[in-house]
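The structure file start.tsv is reproduced below (TSV, N, CA and C atoms).
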```tsv
chain	number	residue	atom	x	y	z
A	1	MET	N	0.83	-1.19	0.00
A	1	MET	CA	0.00	0.00	0.00
A	1	MET	C	0.87	1.25	0.00
A	2	LEU	N	1.96	1.20	0.75
A	2	LEU	CA	2.87	2.33	0.81
A	2	LEU	C	3.50	2.58	-0.56
A	3	LYS	N	3.79	1.50	-1.27
A	3	LYS	CA	4.36	1.63	-2.61
A	3	LYS	C	3.37	2.33	-3.55
A	4	PHE	N	2.08	2.01	-3.43
A	4	PHE	CA	1.06	2.65	-4.25
A	4	PHE	C	0.97	4.14	-3.93
A	5	PHE	N	0.98	4.49	-2.64
A	5	PHE	CA	0.91	5.91	-2.27
A	5	PHE	C	2.14	6.67	-2.74
A	6	ARG	N	3.30	6.04	-2.71
A	6	ARG	CA	4.51	6.68	-3.24
A	6	ARG	C	4.37	6.92	-4.74
A	7	TRP	N	3.81	5.93	-5.44
A	7	TRP	CA	3.62	6.08	-6.88
A	7	TRP	C	2.64	7.21	-7.19
A	8	VAL	N	1.55	7.27	-6.45
A	8	VAL	CA	0.55	8.33	-6.66
A	8	VAL	C	1.17	9.69	-6.37
A	9	CYS	N	1.93	9.79	-5.27
A	9	CYS	CA	2.57	11.06	-4.92
A	9	CYS	C	3.58	11.48	-5.99
A	10	GLY	N	4.36	10.55	-6.48
A	10	GLY	CA	5.32	10.86	-7.54
A	10	GLY	C	4.63	11.29	-8.82
A	11	THR	N	3.55	10.60	-9.18
A	11	THR	CA	2.80	10.95	-10.38
A	11	THR	C	2.19	12.34	-10.28
A	12	VAL	N	1.60	12.64	-9.12
A	12	VAL	CA	1.02	13.97	-8.91
A	12	VAL	C	2.09	15.04	-8.98
A	13	LEU	N	3.25	14.77	-8.40
A	13	LEU	CA	4.34	15.74	-8.43
A	13	LEU	C	4.83	15.98	-9.86
A	14	VAL	N	4.99	14.92	-10.62
A	14	VAL	CA	5.43	15.08	-12.02
A	14	VAL	C	4.39	15.84	-12.83
A	15	LEU	N	3.10	15.51	-12.65
A	15	LEU	CA	2.04	16.22	-13.37
A	15	LEU	C	1.98	17.68	-12.96
A	16	LEU	N	2.19	17.97	-11.70
A	16	LEU	CA	2.16	19.35	-11.22
A	16	LEU	C	3.30	20.16	-11.83
A	17	VAL	N	4.50	19.60	-11.84
A	17	VAL	CA	5.64	20.31	-12.42
A	17	VAL	C	5.45	20.48	-13.93
A	18	ALA	N	4.95	19.44	-14.60
A	18	ALA	CA	4.72	19.54	-16.04
A	18	ALA	C	3.64	20.57	-16.36
A	19	SER	N	2.59	20.61	-15.55
A	19	SER	CA	1.53	21.59	-15.82
A	19	SER	C	2.01	22.99	-15.53
A	20	LEU	N	2.84	23.16	-14.52
A	20	LEU	CA	3.42	24.49	-14.25
A	20	LEU	C	4.30	24.94	-15.42
A	21	ALA	N	5.12	24.04	-15.92
A	21	ALA	CA	6.00	24.41	-17.03
A	21	ALA	C	5.19	24.71	-18.29
A	22	LEU	N	4.23	23.87	-18.60
A	22	LEU	CA	3.41	24.08	-19.80
A	22	LEU	C	2.57	25.33	-19.69
A	23	GLY	N	1.96	25.55	-18.53
A	23	GLY	CA	1.16	26.76	-18.33
A	23	GLY	C	2.01	28.02	-18.42
A	24	GLY	N	3.19	27.98	-17.84
A	24	GLY	CA	4.09	29.14	-17.94
A	24	GLY	C	4.51	29.41	-19.36
A	25	TRP	N	4.79	28.35	-20.11
A	25	TRP	CA	5.19	28.52	-21.51
A	25	TRP	C	4.04	29.10	-22.33
A	26	ILE	N	2.83	28.60	-22.10
A	26	ILE	CA	1.67	29.10	-22.85
A	26	ILE	C	1.42	30.56	-22.52
A	27	LEU	N	1.47	30.90	-21.24
A	27	LEU	CA	1.22	32.28	-20.85
A	27	LEU	C	2.29	33.23	-21.36
A	28	SER	N	3.55	32.79	-21.32
A	28	SER	CA	4.61	33.68	-21.80
A	28	SER	C	4.54	33.85	-23.31
A	29	SER	N	4.22	32.79	-24.04
A	29	SER	CA	4.11	32.94	-25.48
A	29	SER	C	2.89	33.78	-25.85
A	30	ALA	N	1.81	33.64	-25.11
A	30	ALA	CA	0.63	34.47	-25.37
A	30	ALA	C	0.92	35.93	-25.05
A	31	ASN	N	1.64	36.17	-23.98
A	31	ASN	CA	2.00	37.53	-23.61
A	31	ASN	C	2.94	38.14	-24.64
A	32	ASP	N	3.91	37.36	-25.12
A	32	ASP	CA	4.81	37.85	-26.16
A	32	ASP	C	4.06	38.16	-27.44
A	33	GLY	N	3.10	37.30	-27.78
A	33	GLY	CA	2.33	37.53	-28.99
A	33	GLY	C	1.47	38.77	-28.90
A	34	LEU	N	0.90	39.01	-27.73
A	34	LEU	CA	0.10	40.22	-27.55
A	34	LEU	C	0.96	41.48	-27.57
A	35	GLN	N	2.12	41.42	-26.93
A	35	GLN	CA	2.98	42.60	-26.86
A	35	GLN	C	3.58	42.92	-28.23
A	36	ALA	N	3.91	41.88	-28.99
A	36	ALA	CA	4.53	42.12	-30.29
A	36	ALA	C	3.49	42.47	-31.35
A	37	GLY	N	2.24	42.22	-31.07
A	37	GLY	CA	1.20	42.51	-32.04
A	37	GLY	C	1.13	41.51	-33.17
A	38	SER	N	1.72	40.32	-32.95
A	38	SER	CA	1.74	39.33	-34.02
A	38	SER	C	0.38	38.63	-34.17
A	39	TRP	N	-0.45	38.70	-33.18
A	39	TRP	CA	-1.79	38.15	-33.29
A	39	TRP	C	-2.72	38.94	-32.40
A	40	GLN	N	-3.98	38.88	-32.73
A	40	GLN	CA	-4.98	39.53	-31.90
A	40	GLN	C	-6.28	38.76	-31.98
A	41	VAL	N	-7.01	38.81	-30.92
A	41	VAL	CA	-8.28	38.10	-30.82
A	41	VAL	C	-9.38	39.01	-31.33
A	42	VAL	N	-10.24	38.46	-32.20
A	42	VAL	CA	-11.33	39.24	-32.77
A	42	VAL	C	-12.65	38.68	-32.25
A	43	VAL	N	-13.47	39.54	-31.64
A	43	VAL	CA	-14.77	39.15	-31.13
A	43	VAL	C	-15.82	39.98	-31.86
A	44	ASP	N	-16.71	39.33	-32.58
A	44	ASP	CA	-17.78	40.00	-33.33
A	44	ASP	C	-17.24	41.08	-34.27
A	45	GLY	N	-16.12	40.79	-34.89
A	45	GLY	CA	-15.55	41.72	-35.87
A	45	GLY	C	-14.71	42.83	-35.28
A	46	GLU	N	-14.61	42.92	-33.97
A	46	GLU	CA	-13.80	43.95	-33.33
A	46	GLU	C	-12.65	43.29	-32.59
A	47	PRO	N	-11.47	43.89	-32.61
A	47	PRO	CA	-10.36	43.32	-31.84
A	47	PRO	C	-10.70	43.30	-30.35
A	48	LEU	N	-10.18	42.30	-29.67
A	48	LEU	CA	-10.50	42.12	-28.25
A	48	LEU	C	-9.99	43.29	-27.42
A	49	ALA	N	-8.92	43.89	-27.82
A	49	ALA	CA	-8.38	45.03	-27.07
A	49	ALA	C	-9.35	46.20	-27.09
A	50	ASP	N	-10.18	46.32	-28.15
A	50	ASP	CA	-11.17	47.39	-28.18
A	50	ASP	C	-12.39	47.05	-27.34
A	51	VAL	N	-12.72	45.75	-27.25
A	51	VAL	CA	-13.88	45.34	-26.48
A	51	VAL	C	-13.57	45.40	-24.99
A	52	VAL	N	-12.43	44.83	-24.59
A	52	VAL	CA	-11.99	44.85	-23.20
A	52	VAL	C	-10.83	45.82	-23.11
A	53	LEU	N	-10.96	46.81	-22.32
A	53	LEU	CA	-9.93	47.85	-22.22
A	53	LEU	C	-8.79	47.37	-21.34
A	54	TRP	N	-7.87	46.63	-21.98
A	54	TRP	CA	-6.71	46.16	-21.24
A	54	TRP	C	-5.63	47.22	-21.21
A	55	GLY	N	-5.33	47.72	-22.35
A	55	GLY	CA	-4.25	48.71	-22.45
A	55	GLY	C	-2.92	48.10	-22.09
A	56	ASP	N	-2.12	48.82	-21.34
A	56	ASP	CA	-0.80	48.35	-20.95
A	56	ASP	C	-0.83	47.53	-19.66
A	57	SER	N	-1.97	47.43	-19.03
A	57	SER	CA	-2.04	46.69	-17.76
A	57	SER	C	-1.98	45.18	-17.96
A	58	LEU	N	-2.09	44.70	-19.21
A	58	LEU	CA	-2.03	43.26	-19.44
A	58	LEU	C	-0.67	42.71	-19.08
A	59	GLY	N	0.37	43.41	-19.44
A	59	GLY	CA	1.71	42.94	-19.10
A	59	GLY	C	1.93	42.93	-17.60
A	60	ASP	N	1.34	43.86	-16.88
A	60	ASP	CA	1.48	43.88	-15.43
A	60	ASP	C	0.71	42.74	-14.77
A	61	SER	N	-0.46	42.42	-15.32
A	61	SER	CA	-1.26	41.36	-14.70
A	61	SER	C	-0.68	39.98	-14.97
A	62	LEU	N	0.07	39.83	-16.04
A	62	LEU	CA	0.71	38.55	-16.34
A	62	LEU	C	2.15	38.55	-15.84
A	63	SER	N	2.34	38.93	-14.60
A	63	SER	CA	3.68	38.93	-14.02
A	63	SER	C	4.09	37.49	-13.76
A	64	ASP	N	5.25	37.33	-13.18
A	64	ASP	CA	5.75	35.99	-12.91
A	64	ASP	C	4.86	35.25	-11.92
A	65	ALA	N	4.44	35.92	-10.87
A	65	ALA	CA	3.59	35.28	-9.88
A	65	ALA	C	2.23	34.94	-10.48
A	66	GLY	N	1.70	35.83	-11.32
A	66	GLY	CA	0.42	35.55	-11.96
A	66	GLY	C	0.52	34.38	-12.93
A	67	GLY	N	1.65	34.30	-13.63
A	67	GLY	CA	1.85	33.18	-14.54
A	67	GLY	C	1.96	31.86	-13.80
A	68	VAL	N	2.69	31.86	-12.69
A	68	VAL	CA	2.82	30.64	-11.89
A	68	VAL	C	1.47	30.26	-11.30
A	69	LEU	N	0.72	31.26	-10.81
A	69	LEU	CA	-0.60	30.97	-10.26
A	69	LEU	C	-1.55	30.43	-11.33
A	70	ALA	N	-1.51	31.03	-12.51
A	70	ALA	CA	-2.36	30.55	-13.60
A	70	ALA	C	-1.96	29.15	-14.04
A	71	ALA	N	-0.66	28.89	-14.09
A	71	ALA	CA	-0.20	27.55	-14.47
A	71	ALA	C	-0.59	26.53	-13.40
A	72	LEU	N	-0.48	26.90	-12.14
A	72	LEU	CA	-0.87	26.00	-11.06
A	72	LEU	C	-2.36	25.72	-11.10
A	73	LEU	N	-3.15	26.74	-11.32
A	73	LEU	CA	-4.59	26.56	-11.43
A	73	LEU	C	-4.95	25.70	-12.63
A	74	THR	N	-4.27	25.92	-13.74
A	74	THR	CA	-4.51	25.10	-14.94
A	74	THR	C	-4.18	23.64	-14.67
A	75	GLY	N	-3.07	23.40	-14.01
A	75	GLY	CA	-2.67	22.02	-13.70
A	75	GLY	C	-3.63	21.34	-12.75
A	76	LEU	N	-4.04	22.07	-11.71
A	76	LEU	CA	-4.97	21.47	-10.76
A	76	LEU	C	-6.33	21.21	-11.40
A	77	LEU	N	-6.79	22.12	-12.23
A	77	LEU	CA	-8.05	21.89	-12.93
A	77	LEU	C	-7.95	20.70	-13.87
A	78	ALA	N	-6.80	20.56	-14.52
A	78	ALA	CA	-6.62	19.41	-15.40
A	78	ALA	C	-6.59	18.11	-14.60
A	79	LEU	N	-5.98	18.15	-13.40
A	79	LEU	CA	-5.94	16.95	-12.58
A	79	LEU	C	-7.31	16.58	-12.03
A	80	ILE	N	-8.18	17.56	-11.87
A	80	ILE	CA	-9.52	17.29	-11.34
A	80	ILE	C	-10.52	17.06	-12.46
A	81	LEU	N	-10.49	17.89	-13.48
A	81	LEU	CA	-11.52	17.84	-14.51
A	81	LEU	C	-11.37	16.68	-15.47
A	82	VAL	N	-10.14	16.35	-15.85
A	82	VAL	CA	-9.95	15.26	-16.83
A	82	VAL	C	-10.45	13.93	-16.28
A	83	PRO	N	-10.07	13.54	-15.05
A	83	PRO	CA	-10.66	12.29	-14.54
A	83	PRO	C	-12.17	12.37	-14.33
A	84	LEU	N	-12.66	13.54	-13.92
A	84	LEU	CA	-14.09	13.69	-13.72
A	84	LEU	C	-14.85	13.57	-15.03
A	85	VAL	N	-14.34	14.18	-16.09
A	85	VAL	CA	-14.99	14.09	-17.40
A	85	VAL	C	-14.93	12.65	-17.91
A	86	LEU	N	-13.79	11.99	-17.71
A	86	LEU	CA	-13.70	10.59	-18.14
A	86	LEU	C	-14.66	9.71	-17.35
A	87	LEU	N	-14.78	9.98	-16.05
A	87	LEU	CA	-15.69	9.18	-15.24
A	87	LEU	C	-17.13	9.39	-15.65
A	88	VAL	N	-17.52	10.65	-15.84
A	88	VAL	CA	-18.90	10.93	-16.19
A	88	VAL	C	-19.18	10.58	-17.65
A	89	GLY	N	-18.22	10.83	-18.53
A	89	GLY	CA	-18.45	10.61	-19.96
A	89	GLY	C	-18.30	9.18	-20.39
A	90	VAL	N	-17.48	8.40	-19.68
A	90	VAL	CA	-17.25	7.01	-20.08
A	90	VAL	C	-17.78	6.05	-19.02
A	91	GLY	N	-17.51	6.33	-17.77
A	91	GLY	CA	-17.86	5.41	-16.70
A	91	GLY	C	-19.34	5.27	-16.47
A	92	VAL	N	-20.05	6.39	-16.41
A	92	VAL	CA	-21.48	6.34	-16.13
A	92	VAL	C	-22.26	5.65	-17.26
A	93	PRO	N	-22.03	6.01	-18.54
A	93	PRO	CA	-22.75	5.28	-19.58
A	93	PRO	C	-22.41	3.79	-19.62
A	94	LEU	N	-21.16	3.46	-19.34
A	94	LEU	CA	-20.78	2.04	-19.30
A	94	LEU	C	-21.47	1.33	-18.14
A	95	LEU	N	-21.58	2.00	-17.01
A	95	LEU	CA	-22.28	1.43	-15.87
A	95	LEU	C	-23.77	1.25	-16.17
A	96	VAL	N	-24.37	2.21	-16.84
A	96	VAL	CA	-25.78	2.10	-17.20
A	96	VAL	C	-26.00	0.92	-18.14
A	97	VAL	N	-25.12	0.77	-19.12
A	97	VAL	CA	-25.25	-0.36	-20.06
A	97	VAL	C	-25.10	-1.69	-19.33
A	98	LEU	N	-24.15	-1.77	-18.41
A	98	LEU	CA	-23.96	-3.02	-17.67
A	98	LEU	C	-25.16	-3.32	-16.78
A	99	VAL	N	-25.74	-2.30	-16.15
A	99	VAL	CA	-26.92	-2.53	-15.31
A	99	VAL	C	-28.10	-2.99	-16.15
A	100	VAL	N	-28.29	-2.39	-17.32
A	100	VAL	CA	-29.39	-2.79	-18.19
A	100	VAL	C	-29.18	-4.22	-18.69
A	101	LEU	N	-27.95	-4.55	-19.08
A	101	LEU	CA	-27.67	-5.92	-19.52
A	101	LEU	C	-27.88	-6.93	-18.39
A	102	ALA	N	-27.48	-6.57	-17.17
A	102	ALA	CA	-27.69	-7.46	-16.03
A	102	ALA	C	-29.18	-7.65	-15.77
A	103	ALA	N	-29.98	-6.59	-15.93
A	103	ALA	CA	-31.42	-6.72	-15.74
A	103	ALA	C	-32.03	-7.63	-16.81
A	104	VAL	N	-31.56	-7.51	-18.04
A	104	VAL	CA	-32.06	-8.37	-19.12
A	104	VAL	C	-31.71	-9.82	-18.85
A	105	VAL	N	-30.46	-10.06	-18.44
A	105	VAL	CA	-30.03	-11.43	-18.15
A	105	VAL	C	-30.81	-11.99	-16.98
A	106	LEU	N	-31.05	-11.18	-15.95
A	106	LEU	CA	-31.82	-11.63	-14.80
A	106	LEU	C	-33.26	-11.95	-15.20
A	107	GLY	N	-33.82	-11.15	-16.06
A	107	GLY	CA	-35.17	-11.43	-16.55
A	107	GLY	C	-35.23	-12.72	-17.36
A	108	LEU	N	-34.21	-12.93	-18.21
A	108	LEU	CA	-34.18	-14.16	-19.00
A	108	LEU	C	-33.98	-15.39	-18.13
A	109	VAL	N	-33.12	-15.30	-17.14
A	109	VAL	CA	-32.90	-16.43	-16.24
A	109	VAL	C	-34.15	-16.71	-15.43
A	110	GLY	N	-34.80	-15.65	-14.96
A	110	GLY	CA	-36.05	-15.84	-14.21
A	110	GLY	C	-37.13	-16.48	-15.06
A	111	GLY	N	-37.27	-16.04	-16.30
A	111	GLY	CA	-38.25	-16.65	-17.21
A	111	GLY	C	-37.91	-18.10	-17.50
A	112	ALA	N	-36.63	-18.38	-17.67
A	112	ALA	CA	-36.22	-19.77	-17.93
A	112	ALA	C	-36.49	-20.65	-16.72
A	113	LEU	N	-36.26	-20.11	-15.53
A	113	LEU	CA	-36.54	-20.90	-14.32
A	113	LEU	C	-38.04	-21.18	-14.18
A	114	LEU	N	-38.87	-20.22	-14.53
A	114	LEU	CA	-40.31	-20.44	-14.47
A	114	LEU	C	-40.76	-21.51	-15.46
A	115	MET	N	-40.11	-21.55	-16.63
A	115	MET	CA	-40.47	-22.53	-17.64
A	115	MET	C	-39.99	-23.94	-17.25
A	116	VAL	N	-38.84	-24.02	-16.58
A	116	VAL	CA	-38.24	-25.31	-16.27
A	116	VAL	C	-38.72	-25.85	-14.92
A	117	ALA	N	-39.30	-25.00	-14.07
A	117	ALA	CA	-39.66	-25.41	-12.71
A	117	ALA	C	-40.59	-26.62	-12.65
A	118	PRO	N	-41.60	-26.73	-13.48
A	118	PRO	CA	-42.48	-27.92	-13.35
A	118	PRO	C	-41.74	-29.23	-13.60
A	119	ILE	N	-40.68	-29.19	-14.37
A	119	ILE	CA	-39.91	-30.42	-14.63
A	119	ILE	C	-38.78	-30.56	-13.62
A	120	ALA	N	-38.12	-29.44	-13.29
A	120	ALA	CA	-36.91	-29.49	-12.46
A	120	ALA	C	-37.21	-29.83	-11.01
A	121	VAL	N	-38.31	-29.37	-10.46
A	121	VAL	CA	-38.60	-29.62	-9.05
A	121	VAL	C	-38.81	-31.12	-8.78
A	122	PRO	N	-39.63	-31.84	-9.54
A	122	PRO	CA	-39.74	-33.28	-9.27
A	122	PRO	C	-38.43	-34.03	-9.51
A	123	VAL	N	-37.68	-33.63	-10.54
A	123	VAL	CA	-36.39	-34.30	-10.81
A	123	VAL	C	-35.44	-34.06	-9.66
A	124	LEU	N	-35.35	-32.84	-9.16
A	124	LEU	CA	-34.47	-32.55	-8.03
A	124	LEU	C	-34.91	-33.29	-6.77
A	125	LEU	N	-36.21	-33.43	-6.58
A	125	LEU	CA	-36.71	-34.19	-5.43
A	125	LEU	C	-36.31	-35.66	-5.53
A	126	ILE	N	-36.40	-36.24	-6.72
A	126	ILE	CA	-36.01	-37.64	-6.91
A	126	ILE	C	-34.50	-37.81	-6.69
A	127	VAL	N	-33.71	-36.88	-7.22
A	127	VAL	CA	-32.25	-36.95	-7.03
A	127	VAL	C	-31.91	-36.82	-5.56
A	128	TRP	N	-32.59	-35.94	-4.86
A	128	TRP	CA	-32.32	-35.75	-3.44
A	128	TRP	C	-32.67	-37.01	-2.64
A	129	LEU	N	-33.82	-37.61	-2.97
A	129	LEU	CA	-34.21	-38.83	-2.27
A	129	LEU	C	-33.27	-39.99	-2.58
A	130	ALA	N	-32.75	-40.05	-3.81
A	130	ALA	CA	-31.84	-41.14	-4.18
A	130	ALA	C	-30.48	-40.98	-3.51
A	131	ARG	N	-30.04	-39.79	-3.29
A	131	ARG	CA	-28.71	-39.56	-2.71
A	131	ARG	C	-28.74	-39.53	-1.19
A	132	ARG	N	-29.90	-39.47	-0.60
A	132	ARG	CA	-30.02	-39.35	0.86
A	132	ARG	C	-29.52	-40.62	1.52
A	133	GLN	N	-28.73	-40.43	2.55
A	133	GLN	CA	-28.23	-41.56	3.33
A	133	GLN	C	-29.31	-41.99	4.32
A	134	PRO	N	-29.46	-43.25	4.48
A	134	PRO	CA	-30.45	-43.67	5.49
A	134	PRO	C	-29.96	-43.27	6.88
A	135	THR	N	-30.90	-42.90	7.72
A	135	THR	CA	-30.54	-42.49	9.07
A	135	THR	C	-30.22	-43.72	9.89
A	136	PRO	N	-29.05	-43.65	10.53
A	136	PRO	CA	-28.71	-44.82	11.36
A	136	PRO	C	-29.63	-44.88	12.59
A	137	THR	N	-30.05	-46.09	12.92
A	137	THR	CA	-30.90	-46.27	14.08
A	137	THR	C	-30.09	-46.89	15.20
A	138	VAL	N	-30.40	-46.50	16.37
A	138	VAL	CA	-29.67	-46.99	17.53
A	138	VAL	C	-30.39	-48.26	18.04
A	139	ALA	N	-29.61	-49.33	18.20
A	139	ALA	CA	-30.20	-50.58	18.69
A	139	ALA	C	-30.44	-50.48	20.17
A	140	ARG	N	-31.60	-50.97	20.64
A	140	ARG	CA	-31.93	-50.89	22.07
A	140	ARG	C	-31.87	-52.21	22.71
```

Just give me the structure as structure tokens.
Amino acid sequence: MLKFFRWVCGTVLVLLVASLALGGWILSSANDGLQAGSWQVVVDGEPLADVVLWGDSLGDSLSDAGGVLAALLTGLLALILVPLVLLVGVGVPLLVVLVVLAAVVLGLVGGALLMVAPIAVPVLLIVWLARRQPTPTVAR
């Protein structure tokens, strides 16, 4: 059990460091792209800078601490949301299908038992009587 917890802790640590690095890289490249003017976001035909008045404060808000915080939040959301989406999107429908199939099989087995019961009960009674050991009697 301790080995499993060590593995989980190591995996979480690696994912956390990787998400921090990836989030920092994404934020820095996005910040560089915005500052250089090499790309801009267009919303309803207007540049995003005209819709949201960022101005020069964008570079200040994406400081090193903000980038690390955003990368940490991105990593934690990915660690929580990805398994949750997989569980809800794959696990629940699979569980529903298995429950429905189990209900169908149970219904079929129950119907088969009802059909076989008039024959099986007397046969089982005869087999039981044939295999029964006679009760030993005590001599007086």

Rounded to one decimal, what separation in Å do you get between atom N of Leu84 (chain A) and atom N of Leu2 (chain A)?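 So the answer is 24.1 Å.
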
List the neighbours of region 14-26 of chain A out to 8 Å using only N, CA and C atoms; skip same-chain residues closer than 5 positions along the sequence, and give me the result as a ChimeraX atom specification. /A:8-9,31-32,67-68,70-76,79

Computed gap from atom N of Leu81 (chain A) to atom C of Val12 (chain A) is 13.7 Å
